[in-house]
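Asker: My structure is in input.pdb, and what it holds is PDB, C-alpha atoms:
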ATOM      1  CA  MET A   1     152.564  99.579-137.656
ATOM      2  CA  ASN A   2     154.466 102.801-138.055
ATOM      3  CA  LYS A   3     157.884 102.048-136.607
ATOM      4  CA  ASP A   4     159.262 105.489-137.459
ATOM      5  CA  ALA A   5     156.895 107.087-134.959
ATOM      6  CA  VAL A   6     158.717 105.483-132.026
ATOM      7  CA  ARG A   7     162.233 105.300-133.473
ATOM      8  CA  PRO A   8     164.786 107.461-131.652
ATOM      9  CA  GLN A   9     167.189 109.713-133.502
ATOM     10  CA  ALA A  10     170.243 107.911-134.924
ATOM     11  CA  ASP A  11     172.735 110.170-133.140
ATOM     12  CA  THR A  12     171.280 109.196-129.745
ATOM     13  CA  LEU A  13     171.871 105.512-130.494
ATOM     14  CA  THR A  14     175.376 105.790-131.957
ATOM     15  CA  PRO A  15     177.137 105.745-128.538
ATOM     16  CA  LEU A  16     174.985 102.773-127.515
ATOM     17  CA  TYR A  17     175.893 100.858-130.671
ATOM     18  CA  LYS A  18     179.556 101.748-130.152
ATOM     19  CA  ASP A  19     179.491 100.276-126.633
ATOM     20  CA  LEU A  20     177.583  97.224-127.882
ATOM     21  CA  PHE A  21     180.144  96.329-130.535
ATOM     22  CA  GLU A  22     183.070  97.040-128.243
ATOM     23  CA  PHE A  23     181.587  94.441-125.914
ATOM     24  CA  LEU A  24     181.020  91.944-128.752
ATOM     25  CA  ILE A  25     184.553  92.418-130.044
ATOM     26  CA  SER A  26     185.928  91.864-126.541
ATOM     27  CA  CYS A  27     184.163  88.491-126.482
ATOM     28  CA  LEU A  28     186.211  87.228-129.456
ATOM     29  CA  SER A  29     188.934  84.902-128.215
ATOM     30  CA  SER A  30     191.041  85.136-131.404
ATOM     31  CA  PRO A  31     190.906  88.696-132.788
ATOM     32  CA  SER A  32     193.620  87.917-135.307
ATOM     33  CA  ASN A  33     191.335  85.383-136.982
ATOM     34  CA  THR A  34     188.308  87.643-137.089
ATOM     35  CA  GLN A  35     189.694  90.881-138.482
ATOM     36  CA  GLN A  36     186.967  91.247-141.097
ATOM     37  CA  LEU A  37     184.245  90.780-138.502
ATOM     38  CA  ILE A  38     185.946  93.273-136.187
ATOM     39  CA  GLN A  39     186.088  95.852-138.991
ATOM     40  CA  LEU A  40     182.353  95.444-139.545
ATOM     41  CA  GLY A  41     181.738  95.910-135.832
ATOM     42  CA  THR A  42     183.925  99.019-135.687
ATOM     43  CA  LYS A  43     182.073 100.653-138.599
ATOM     44  CA  ALA A  44     178.566  99.540-137.572
ATOM     45  CA  PRO A  45     177.748 102.354-135.064
ATOM     46  CA  GLY A  46     177.745 104.914-137.879
ATOM     47  CA  LYS A  47     175.344 102.883-140.027
ATOM     48  CA  ASP A  48     171.540 102.822-140.047
ATOM     49  CA  ALA A  49     169.644 100.557-137.671
ATOM     50  CA  GLU A  50     169.122  97.802-140.225
ATOM     51  CA  GLU A  51     172.849  97.485-140.978
ATOM     52  CA  VAL A  52     173.633  97.588-137.263
ATOM     53  CA  PHE A  53     171.146  94.776-136.715
ATOM     54  CA  ASN A  54     172.621  92.675-139.530
ATOM     55  CA  THR A  55     176.139  93.152-138.144
ATOM     56  CA  TYR A  56     174.975  92.164-134.671
ATOM     57  CA  LEU A  57     173.486  88.940-136.083
ATOM     58  CA  LEU A  58     176.850  88.103-137.693
ATOM     59  CA  PHE A  59     178.581  88.530-134.331
ATOM     60  CA  GLU A  60     175.902  86.470-132.627
ATOM     61  CA  LYS A  61     176.285  83.653-135.141
ATOM     62  CA  TYR A  62     180.056  83.607-134.742
ATOM     63  CA  LEU A  63     180.057  83.799-130.944
ATOM     64  CA  THR A  64     177.426  81.063-130.525
ATOM     65  CA  SER A  65     178.511  78.736-133.355
ATOM     66  CA  PHE A  66     182.231  79.161-134.081
ATOM     67  CA  GLU A  67     183.822  80.641-130.985
ATOM     68  CA  GLN A  68     186.163  78.211-129.237
ATOM     69  CA  GLY A  69     184.802  76.904-125.968
ATOM     70  CA  GLU A  70     181.232  77.979-126.860
ATOM     71  CA  VAL A  71     181.083  80.570-124.080
ATOM     72  CA  PHE A  72     177.667  81.805-125.196
ATOM     73  CA  THR A  73     174.432  80.293-126.338
ATOM     74  CA  ARG A  74     172.118  82.504-128.354
ATOM     75  CA  GLN A  75     169.867  83.066-125.353
ATOM     76  CA  SER A  76     172.673  83.709-122.870
ATOM     77  CA  LEU A  77     174.296  86.254-125.195
ATOM     78  CA  ARG A  78     171.017  88.089-125.680
ATOM     79  CA  GLY A  79     170.362  88.029-121.959
ATOM     80  CA  SER A  80     173.793  89.522-121.302
ATOM     81  CA  ILE A  81     173.232  92.247-123.918
ATOM     82  CA  ARG A  82     169.801  93.112-122.560
ATOM     83  CA  GLN A  83     171.260  93.460-119.073
ATOM     84  CA  ARG A  84     174.280  95.502-120.159
ATOM     85  CA  PHE A  85     172.541  97.638-122.788
ATOM     86  CA  PRO A  86     168.837  98.066-121.902
ATOM     87  CA  GLY A  87     168.702 101.057-124.241
ATOM     88  CA  ILE A  88     168.894  98.651-127.185
ATOM     89  CA  LEU A  89     165.167  98.021-126.729
ATOM     90  CA  GLN A  90     164.502 101.580-127.899
ATOM     91  CA  GLU A  91     165.265 100.429-131.445
ATOM     92  CA  PRO A  92     162.235  98.428-132.704
ATOM     93  CA  ILE A  93     164.276  96.228-135.020
ATOM     94  CA  PHE A  94     166.153  94.801-132.004
ATOM     95  CA  ASN A  95     162.986  93.946-130.052
ATOM     96  CA  ILE A  96     162.545  90.707-131.966
ATOM     97  CA  LEU A  97     165.647  89.314-130.233
ATOM     98  CA  PHE A  98     163.991  89.440-126.828
ATOM     99  CA  VAL A  99     160.548  87.900-127.391
ATOM    100  CA  SER A 100     159.286  84.311-127.266
ATOM    101  CA  GLU A 101     159.786  81.852-130.126
ATOM    102  CA  THR A 102     156.113  82.061-131.041
ATOM    103  CA  ALA A 103     156.116  85.862-131.032
ATOM    104  CA  GLN A 104     159.286  85.986-133.135
ATOM    105  CA  LYS A 105     157.759  83.819-135.869
ATOM    106  CA  ASN A 106     154.556  85.865-135.835
ATOM    107  CA  ILE A 107     156.433  89.187-135.913
ATOM    108  CA  LEU A 108     158.496  88.054-138.899
ATOM    109  CA  ALA A 109     155.425  86.828-140.766
ATOM    110  CA  ILE A 110     153.380  89.966-140.082
ATOM    111  CA  GLU A 111     156.206  92.289-141.109
ATOM    112  CA  PHE A 112     156.765  90.275-144.287
ATOM    113  CA  LEU A 113     153.078  90.305-145.262
ATOM    114  CA  GLU A 114     152.787  93.973-144.412
ATOM    115  CA  SER A 115     155.670  94.652-146.809
ATOM    116  CA  PHE A 116     154.017  92.570-149.541
ATOM    117  CA  LEU A 117     150.620  94.274-149.137
ATOM    118  CA  THR A 118     152.295  97.686-149.122
ATOM    119  CA  ALA A 119     154.148  96.790-152.332
ATOM    120  CA  VAL A 120     150.992  95.692-154.175
ATOM    121  CA  THR A 121     149.092  98.734-152.896
ATOM    122  CA  ASP A 122     151.853 101.010-154.225
ATOM    123  CA  LYS A 123     151.707  99.117-157.521
ATOM    124  CA  PHE A 124     147.930  99.007-158.035
ATOM    125  CA  GLY A 125     146.690 101.830-155.828
ATOM    126  CA  ARG A 126     143.179 101.355-154.468
ATOM    127  CA  ALA A 127     142.231  98.752-157.054
ATOM    128  CA  GLY A 128     140.604  95.544-155.881
ATOM    129  CA  ASP A 129     137.603  97.130-154.125
ATOM    130  CA  GLY A 130     139.553  97.724-150.928
ATOM    131  CA  TYR A 131     140.872  94.146-150.728
ATOM    132  CA  PHE A 132     144.395  95.172-149.724
ATOM    133  CA  ASP A 133     143.097  97.567-147.063
ATOM    134  CA  ARG A 134     140.968  94.781-145.579
ATOM    135  CA  LYS A 135     143.926  92.416-145.463
ATOM    136  CA  MET A 136     146.059  95.094-143.822
ATOM    137  CA  LYS A 137     143.377  95.517-141.155
ATOM    138  CA  GLU A 138     143.409  91.748-140.597
ATOM    139  CA  LEU A 139     147.151  91.998-139.968
ATOM    140  CA  MET A 140     146.576  94.768-137.432
ATOM    141  CA  VAL A 141     144.119  92.559-135.553
ATOM    142  CA  LEU A 142     146.493  89.581-135.572
ATOM    143  CA  GLN A 143     149.339  91.815-134.392
ATOM    144  CA  ASP A 144     147.597  92.131-131.024
ATOM    145  CA  ARG A 145     147.938  88.357-130.526
ATOM    146  CA  MET A 146     151.649  87.894-131.209
ATOM    147  CA  GLY A 147     152.018  85.308-128.472
ATOM    148  CA  ASP A 148     149.343  82.926-129.797
ATOM    149  CA  ALA A 149     150.750  79.890-131.617
ATOM    150  CA  GLU A 150     147.733  79.526-133.938
ATOM    151  CA  ILE A 151     148.269  83.018-135.378
ATOM    152  CA  PHE A 152     151.077  81.776-137.634
ATOM    153  CA  GLN A 153     148.670  79.419-139.408
ATOM    154  CA  LYS A 154     146.269  82.317-139.977
ATOM    155  CA  LEU A 155     149.152  84.325-141.442
ATOM    156  CA  GLN A 156     149.986  81.459-143.800
ATOM    157  CA  VAL A 157     146.391  81.432-145.033
ATOM    158  CA  LEU A 158     146.418  85.211-145.421
ATOM    159  CA  SER A 159     149.629  85.007-147.454
ATOM    160  CA  PHE A 160     148.217  82.406-149.844
ATOM    161  CA  GLU A 161     144.920  84.305-150.200
ATOM    162  CA  ALA A 162     146.649  87.604-150.959
ATOM    163  CA  PHE A 163     148.956  85.982-153.521
ATOM    164  CA  LYS A 164     145.999  84.205-155.174
ATOM    165  CA  PHE A 165     144.046  87.476-155.359
ATOM    166  CA  VAL A 166     146.921  89.333-157.023
ATOM    167  CA  SER A 167     147.546  86.389-159.374
ATOM    168  CA  SER A 168     143.887  86.171-160.396
ATOM    169  CA  ASN A 169     143.528  89.894-161.043
ATOM    170  CA  TYR A 170     146.938  90.912-162.367
ATOM    171  CA  GLY A 171     148.595  87.672-163.483
ATOM    172  CA  GLN A 172     150.778  85.152-161.664
ATOM    173  CA  PRO A 173     154.096  86.349-163.196
ATOM    174  CA  LEU A 174     153.592  89.849-161.803
ATOM    175  CA  ALA A 175     152.346  88.533-158.446
ATOM    176  CA  GLY A 176     155.366  86.229-158.236
ATOM    177  CA  LYS A 177     157.761  89.053-159.092
ATOM    178  CA  ILE A 178     156.384  91.323-156.352
ATOM    179  CA  PHE A 179     156.312  88.476-153.836
ATOM    180  CA  GLU A 180     159.882  87.386-154.551
ATOM    181  CA  LYS A 181     161.210  90.952-154.458
ATOM    182  CA  THR A 182     159.606  91.419-151.045
ATOM    183  CA  TYR A 183     161.032  88.093-149.882
ATOM    184  CA  ASP A 184     164.554  88.930-151.099
ATOM    185  CA  THR A 185     164.532  92.276-149.275
ATOM    186  CA  PHE A 186     163.191  90.605-146.168
ATOM    187  CA  SER A 187     165.726  87.763-146.226
ATOM    188  CA  SER A 188     168.647  90.192-146.513
ATOM    189  CA  ARG A 189     167.526  91.692-143.208
ATOM    190  CA  TYR A 190     166.501  88.660-141.181
ATOM    191  CA  LYS A 191     168.030  85.514-142.705
ATOM    192  CA  GLU A 192     170.396  85.011-139.756
ATOM    193  CA  LEU A 193     167.538  84.866-137.250
ATOM    194  CA  GLU A 194     166.913  81.368-135.921
ATOM    195  CA  PHE A 195     163.249  81.347-136.921
ATOM    196  CA  PHE A 196     163.622  82.913-140.348
ATOM    197  CA  PRO A 197     163.470  79.479-142.086
ATOM    198  CA  TYR A 198     159.785  79.334-141.144
ATOM    199  CA  MET A 199     159.154  82.156-143.605
ATOM    200  CA  ILE A 200     159.521  79.599-146.389
ATOM    201  CA  THR A 201     156.101  78.263-145.359
ATOM    202  CA  LEU A 202     154.573  81.624-146.318
ATOM    203  CA  ILE A 203     155.664  81.290-149.938
ATOM    204  CA  PRO A 204     152.902  79.954-152.211
ATOM    205  CA  LYS A 205     153.736  76.620-153.831
ATOM    206  CA  GLU A 206     153.365  78.234-157.264
ATOM    207  CA  ILE A 207     156.631  80.170-156.901
ATOM    208  CA  VAL A 208     158.738  78.383-154.269
ATOM    209  CA  ASP A 209     161.946  76.972-155.739
ATOM    210  CA  ARG A 210     165.510  75.995-154.870
ATOM    211  CA  GLU A 211     166.668  79.620-154.714
ATOM    212  CA  HIS A 212     164.442  80.215-151.695
ATOM    213  CA  LEU A 213     165.790  77.137-149.946
ATOM    214  CA  GLY A 214     169.391  77.879-150.848
ATOM    215  CA  ILE A 215     169.957  80.297-147.954
ATOM    216  CA  PHE A 216     169.028  77.660-145.366
ATOM    217  CA  THR A 217     171.172  74.891-143.946
ATOM    218  CA  GLN A 218     170.012  71.295-144.202
ATOM    219  CA  ALA A 219     169.467  71.265-140.434
ATOM    220  CA  GLN A 220     167.204  74.328-140.617
ATOM    221  CA  ILE A 221     165.104  72.816-143.393
ATOM    222  CA  GLU A 222     164.824  69.527-141.497
ATOM    223  CA  GLN A 223     163.776  71.356-138.320
ATOM    224  CA  VAL A 224     161.010  73.235-140.130
ATOM    225  CA  PHE A 225     159.906  70.011-141.820
ATOM    226  CA  LEU A 226     159.784  68.066-138.550
ATOM    227  CA  GLU A 227     157.839  70.768-136.741
ATOM    228  CA  LYS A 228     155.378  71.145-139.625
ATOM    229  CA  LEU A 229     155.011  67.350-139.630
ATOM    230  CA  ALA A 230     154.240  67.384-135.906
ATOM    231  CA  GLU A 231     151.772  70.205-136.499
ATOM    232  CA  SER A 232     150.101  68.161-139.261
ATOM    233  CA  GLU A 233     149.845  65.158-136.940
ATOM    234  CA  GLN A 234     148.150  67.318-134.321
ATOM    235  CA  LEU A 235     145.718  68.587-136.945
ATOM    236  CA  ASN A 236     145.035  65.025-138.067
ATOM    237  CA  ILE A 237     144.302  63.996-134.475
ATOM    238  CA  ALA A 238     141.930  66.940-134.083
ATOM    239  CA  LEU A 239     140.293  66.097-137.418
ATOM    240  CA  ASP A 240     139.904  62.449-136.400
ATOM    241  CA  GLN A 241     138.257  63.507-133.147
ATOM    242  CA  LYS A 242     135.929  65.801-135.103
ATOM    243  CA  ILE A 243     135.018  62.971-137.467
ATOM    244  CA  LYS A 244     134.275  60.681-134.519
ATOM    245  CA  GLU A 245     132.123  63.396-132.936
ATOM    246  CA  ASN A 246     130.235  63.792-136.224
ATOM    247  CA  GLU A 247     129.759  60.014-136.432
ATOM    248  CA  ARG A 248     128.348  59.967-132.895
ATOM    249  CA  THR A 249     126.056  62.860-133.800
ATOM    250  CA  GLN A 250     124.873  61.076-136.961
ATOM    251  CA  LYS A 251     124.178  57.888-134.998
ATOM    252  CA  LEU A 252     122.191  59.868-132.447
ATOM    253  CA  LEU A 253     120.215  61.567-135.218
ATOM    254  CA  ARG A 254     119.466  58.225-136.873
ATOM    255  CA  LYS A 255     118.388  56.803-133.516
ATOM    256  CA  ASN A 256     116.080  59.765-132.940
ATOM    257  CA  GLU A 257     114.680  59.430-136.454
ATOM    258  CA  ILE A 258     113.917  55.749-135.861
ATOM    259  CA  MET A 259     112.245  56.537-132.548
ATOM    260  CA  LEU A 260     110.228  59.364-134.092
ATOM    261  CA  SER A 261     109.230  57.146-137.023
ATOM    262  CA  GLY A 262     108.052  54.480-134.608
ATOM    263  CA  VAL A 263     105.960  56.970-132.640
ATOM    264  CA  ILE A 264     104.387  58.364-135.810
ATOM    265  CA  SER A 265     103.679  54.927-137.278
ATOM    266  CA  SER A 266     102.030  53.575-134.135
ATOM    267  CA  ALA A 267      99.925  56.681-133.416
ATOM    268  CA  LEU A 268      96.137  56.163-133.519
ATOM    269  CA  ASP A 269      95.546  59.664-134.882
ATOM    270  CA  ALA A 270      96.417  60.780-138.416
ATOM    271  CA  ILE A 271      99.803  62.478-138.484
ATOM    272  CA  VAL A 272     100.838  64.431-141.576
ATOM    273  CA  ILE A 273     104.288  66.055-141.901
ATOM    274  CA  ILE A 274     104.412  68.964-144.334
ATOM    275  CA  GLY A 275     107.490  70.673-145.811
ATOM    276  CA  GLU A 276     108.269  74.384-146.045
ATOM    277  CA  MET A 277     106.395  74.735-149.362
ATOM    278  CA  GLY A 278     103.239  73.107-147.993
ATOM    279  CA  HIS A 279     103.735  69.723-149.659
ATOM    280  CA  ILE A 280     103.188  66.439-147.829
ATOM    281  CA  MET A 281     106.382  64.635-146.834
ATOM    282  CA  HIS A 282     105.152  61.866-144.514
ATOM    283  CA  TRP A 283     101.751  60.238-143.917
ATOM    284  CA  ASN A 284     101.286  57.652-141.157
ATOM    285  CA  LYS A 285      99.166  54.456-141.093
ATOM    286  CA  ALA A 286      96.279  56.180-139.337
ATOM    287  CA  ALA A 287      96.162  58.798-142.133
ATOM    288  CA  ILE A 288      96.029  55.984-144.699
ATOM    289  CA  GLU A 289      93.012  54.422-142.921
ATOM    290  CA  ILE A 290      91.237  57.763-142.426
ATOM    291  CA  PHE A 291      91.809  59.359-145.840
ATOM    292  CA  GLY A 292      92.228  56.259-147.986
ATOM    293  CA  TYR A 293      95.485  57.235-149.731
ATOM    294  CA  LYS A 294      98.837  55.455-149.477
ATOM    295  CA  GLU A 295     101.857  57.568-148.492
ATOM    296  CA  GLU A 296     103.495  57.362-151.935
ATOM    297  CA  GLU A 297     100.251  58.660-153.488
ATOM    298  CA  VAL A 298     100.172  61.862-151.464
ATOM    299  CA  GLN A 299     103.869  62.780-151.229
ATOM    300  CA  GLY A 300     104.519  66.060-153.019
ATOM    301  CA  ARG A 301     100.842  67.108-152.993
ATOM    302  CA  THR A 302      99.344  69.826-150.804
ATOM    303  CA  LEU A 303      97.121  68.885-147.894
ATOM    304  CA  MET A 304      94.206  70.869-149.291
ATOM    305  CA  GLU A 305      94.142  69.168-152.675
ATOM    306  CA  THR A 306      94.496  65.799-151.000
ATOM    307  CA  ILE A 307      91.841  65.766-148.287
ATOM    308  CA  ILE A 308      89.351  68.430-149.524
ATOM    309  CA  PRO A 309      87.144  67.347-152.447
ATOM    310  CA  PHE A 310      87.849  69.262-155.672
ATOM    311  CA  SER A 311      84.216  70.273-156.055
ATOM    312  CA  TYR A 312      84.262  71.818-152.604
ATOM    313  CA  GLN A 313      87.496  73.708-153.381
ATOM    314  CA  TYR A 314      85.866  75.027-156.580
ATOM    315  CA  SER A 315      82.682  76.160-154.826
ATOM    316  CA  GLN A 316      84.639  77.827-152.079
ATOM    317  CA  ASP A 317      86.696  79.763-154.647
ATOM    318  CA  HIS A 318      83.472  81.094-156.162
ATOM    319  CA  VAL A 319      82.055  82.042-152.776
ATOM    320  CA  ARG A 320      85.166  84.160-152.129
TER
END
Starting from the coordinates I provided, produce the structure as structure tokens.
Answerer:
Amino acid sequence: MNKDAVRPQADTLTPLYKDLFEFLISCLSSPSNTQQLIQLGTKAPGKDAEEVFNTYLLFEKYLTSFEQGEVFTRQSLRGSIRQRFPGILQEPIFNILFVSETAQKNILAIEFLESFLTAVTDKFGRAGDGYFDRKMKELMVLQDRMGDAEIFQKLQVLSFEAFKFVSSNYGQPLAGKIFEKTYDTFSSRYKELEFFPYMITLIPKEIVDREHLGIFTQAQIEQVFLEKLAESEQLNIALDQKIKENERTQKLLRKNEIMLSGVISSALDAIVIIGEMGHIMHWNKAAIEIFGYKEEEVQGRTLMETIIPFSYQYSQDHVR
């Protein structure tokens, strides 16, 4: 996931950023009330891509949430920018603005976990018998399925597993410190994105606290909660269906067992069922009449020691 390999030179993007923020500033209906925001927009073109991105998100939040008349929605503003400034897609950090909701959540989660795994690898080197390399490869595989909704759940599991591994091998305080440092850096970059609140579900319960929730609005937290609740209900429905399928399978197995038992019991020939180790498990009525032993007397014994006289076994051993 080497973003630097495809990143254009900063000087080629500066004119593009300048035009972008001139457009955003022109969309402000009351410049006199937004002087600080305008100053940020004026200075942004000379900054690095991350600062430019953060400044854009501030403009987006203002124009879609506080601007009088609500001229833009988030999607309409992004659509207008993509049409006016197609070159913005050359900067990887801006791509996340123009993908689906599912892909945006997955991109955020993968980038966050990649940062965490990179941090622990830098800290502990190749320790852990290649565990961190394997997890990084898992991320690479999941990256090819950004549009799949179920990928986010896999990323949650990966996050908890990686944190547990670091905690078990190097101590929870150190694991928590690395995780929180990664999260703080990540939140400073993306906290204004509409789907950033979902990143809270990647934090292991051992370290999540009020500080992590403090950057979210009540509405954002409620939205995440409601969607996770709906997701849980869907999982419960699927689990209930699975349980019912298992119950039907068990009933069918019991029915087959009863039928098989009836066939064995009523057979006129001796039927003996033997386990993997050669010991008798079942012995039908015909076997009782032929060999003279009840089923409970022969269970656990071998067929040879049961139906072949001991003296014959002994003589045969000597013949061999």
Asker: Can you list, as a list in words, every protein, DNA or RNA residue that comes within 8 Å of region 35-52 of chain A when you count all atoms listed in the file, leaving out same-chain residues fewer than 3 positions away?
Answerer: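 Selected residues are Ala10, Thr14, Pro15, Tyr17, Lys18, Phe21, Glu22, Ile25, Pro31, Ser32, Thr55, Tyr56, Leu58, Phe59, Glu91, Ile93 and Arg189 of chain A.
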Asker: Quick one: residues within 12 Å of region 68-75 of chain A, all atoms listed in the file, excluding same-chain residues fewer than 5 positions away - as a list in words?
Answerer: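 Here the qualifying residues turn out to be Leu24, Cys27, Leu28, Ser29, Ser30, Asn33, Tyr56, Leu57, Leu58, Phe59, Glu60, Lys61, Tyr62, Leu63, Ser80, Ile81, Arg82, Leu97, Phe98, Val99, Ser100, Glu101, Glu192, Leu193 and Glu194 of chain A.
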Asker: Of the candidates A:Val120, A:Gln172, A:Met199, A:Ile290, which shows the shortest atom-to-atom distance to Asp184 (chain A), using all atoms listed in the file?
Answerer: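 The closest residue to Asp184 (chain A) is A:Met199.
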Asker: Between CA of Thr34 (chain A) and CA of Leu89 (chain A), what is the distance in Å, rounded to a tenth?
Answerer: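 Distance reported for this atom pair: 27.4 Å.
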Asker: Translate the PyMOL selection byres ((chain A and resi 176) around 12), as applied to the file shown, into an explicit residue set as a PyMOL selection string.
Answerer: chain A and resi 116+120+160+162-168+170-175+177-184+203-209
Asker: Return as an mmCIF file with C-alpha atoms, keeping the file's coordinate frame the set of residues that the PyMOL selection byres ((chain A and resi 145-149) around 8) yields on the displayed structure.
Answerer:
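Just written: selection-v4.cif:
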data_model
loop_
_atom_site.group_PDB
_atom_site.id
_atom_site.type_symbol
_atom_site.label_atom_id
_atom_site.label_comp_id
_atom_site.auth_asym_id
_atom_site.auth_seq_id
_atom_site.Cartn_x
_atom_site.Cartn_y
_atom_site.Cartn_z
ATOM 1 C CA SER A 100 159.286 84.311 -127.266
ATOM 2 C CA THR A 102 156.113 82.061 -131.041
ATOM 3 C CA ALA A 103 156.116 85.862 -131.032
ATOM 4 C CA ASN A 106 154.556 85.865 -135.835
ATOM 5 C CA ILE A 107 156.433 89.187 -135.913
ATOM 6 C CA VAL A 141 144.119 92.559 -135.553
ATOM 7 C CA LEU A 142 146.493 89.581 -135.572
ATOM 8 C CA GLN A 143 149.339 91.815 -134.392
ATOM 9 C CA ASP A 144 147.597 92.131 -131.024
ATOM 10 C CA GLU A 150 147.733 79.526 -133.938
ATOM 11 C CA ILE A 151 148.269 83.018 -135.378
ATOM 12 C CA PHE A 152 151.077 81.776 -137.634
#
Asker: Hey, what's within 10 Å of Leu139 (chain A) if we count all atoms listed in the file and toss same-chain stuff fewer than 6 positions away? As a list in words, please?
Answerer: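 Near neighbours after the sequence-gap exclusion: Met1, Ala109, Ile110, Glu111, Leu113, Glu114, Asp133, Lys154, Leu155 and Leu158 of chain A.
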Asker: Give the centre and edge lengths of an axis-aligned box, in Å to one decimal, that holds all listed atoms of region 88-93 of chain A with 3 Å on each side, as lines of an AutoDock Vina configuration file.
Answerer:
center_x = 165.6
center_y = 98.9
center_z = -130.9
size_x = 12.7
size_y = 11.4
size_z = 14.3
Asker: With distances taken over all atoms listed in the file, which residue among A:Gly300, A:Gly79, A:Gly130, A:Gly292 lies nearest Ile280 (chain A)?
Answerer: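 For Ile280 (chain A), the nearest of the given residues is A:Gly300.
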Asker: Could you give me, as a ChimeraX atom specification, the residues that sit within 12 Å of (96.3, 59.2, -142.8) in the file's coordinates, counting only C-alpha atoms?
Answerer: /A:264-273,280,282-299,303,306-307
Asker: Using C-alpha atoms, can you write the selected residues to a file as a PDB file, in the frame of the given file?
Answerer:
ATOM      1  CA  ILE A 264     104.387  58.364-135.810  1.00  0.00           C
ATOM      2  CA  SER A 265     103.679  54.927-137.278  1.00  0.00           C
ATOM      3  CA  SER A 266     102.030  53.575-134.135  1.00  0.00           C
ATOM      4  CA  ALA A 267      99.925  56.681-133.416  1.00  0.00           C
ATOM      5  CA  LEU A 268      96.137  56.163-133.519  1.00  0.00           C
ATOM      6  CA  ASP A 269      95.546  59.664-134.882  1.00  0.00           C
ATOM      7  CA  ALA A 270      96.417  60.780-138.416  1.00  0.00           C
ATOM      8  CA  ILE A 271      99.803  62.478-138.484  1.00  0.00           C
ATOM      9  CA  VAL A 272     100.838  64.431-141.576  1.00  0.00           C
ATOM     10  CA  ILE A 273     104.288  66.055-141.901  1.00  0.00           C
ATOM     11  CA  ILE A 280     103.188  66.439-147.829  1.00  0.00           C
ATOM     12  CA  HIS A 282     105.152  61.866-144.514  1.00  0.00           C
ATOM     13  CA  TRP A 283     101.751  60.238-143.917  1.00  0.00           C
ATOM     14  CA  ASN A 284     101.286  57.652-141.157  1.00  0.00           C
ATOM     15  CA  LYS A 285      99.166  54.456-141.093  1.00  0.00           C
ATOM     16  CA  ALA A 286      96.279  56.180-139.337  1.00  0.00           C
ATOM     17  CA  ALA A 287      96.162  58.798-142.133  1.00  0.00           C
ATOM     18  CA  ILE A 288      96.029  55.984-144.699  1.00  0.00           C
ATOM     19  CA  GLU A 289      93.012  54.422-142.921  1.00  0.00           C
ATOM     20  CA  ILE A 290      91.237  57.763-142.426  1.00  0.00           C
ATOM     21  CA  PHE A 291      91.809  59.359-145.840  1.00  0.00           C
ATOM     22  CA  GLY A 292      92.228  56.259-147.986  1.00  0.00           C
ATOM     23  CA  TYR A 293      95.485  57.235-149.731  1.00  0.00           C
ATOM     24  CA  LYS A 294      98.837  55.455-149.477  1.00  0.00           C
ATOM     25  CA  GLU A 295     101.857  57.568-148.492  1.00  0.00           C
ATOM     26  CA  GLU A 296     103.495  57.362-151.935  1.00  0.00           C
ATOM     27  CA  GLU A 297     100.251  58.660-153.488  1.00  0.00           C
ATOM     28  CA  VAL A 298     100.172  61.862-151.464  1.00  0.00           C
ATOM     29  CA  GLN A 299     103.869  62.780-151.229  1.00  0.00           C
ATOM     30  CA  LEU A 303      97.121  68.885-147.894  1.00  0.00           C
ATOM     31  CA  THR A 306      94.496  65.799-151.000  1.00  0.00           C
ATOM     32  CA  ILE A 307      91.841  65.766-148.287  1.00  0.00           C
TER      33      ILE A 307
END
Asker: Using the chain letters and numbers from the file, give me the residues hit by the PyMOL selection byres ((chain A and resi 278) around 9), as a PyMOL selection string.
Answerer: chain A and resi 274-277+279-280+300-303
Asker: Just write the chosen residues, C-alpha atoms, as a PDB file, in the coordinates of the input.
Answerer:
ATOM      1  CA  ILE A 274     104.412  68.964-144.334  1.00  0.00           C
ATOM      2  CA  GLY A 275     107.490  70.673-145.811  1.00  0.00           C
ATOM      3  CA  GLU A 276     108.269  74.384-146.045  1.00  0.00           C
ATOM      4  CA  MET A 277     106.395  74.735-149.362  1.00  0.00           C
ATOM      5  CA  HIS A 279     103.735  69.723-149.659  1.00  0.00           C
ATOM      6  CA  ILE A 280     103.188  66.439-147.829  1.00  0.00           C
ATOM      7  CA  GLY A 300     104.519  66.060-153.019  1.00  0.00           C
ATOM      8  CA  ARG A 301     100.842  67.108-152.993  1.00  0.00           C
ATOM      9  CA  THR A 302      99.344  69.826-150.804  1.00  0.00           C
ATOM     10  CA  LEU A 303      97.121  68.885-147.894  1.00  0.00           C
TER      11      LEU A 303
END
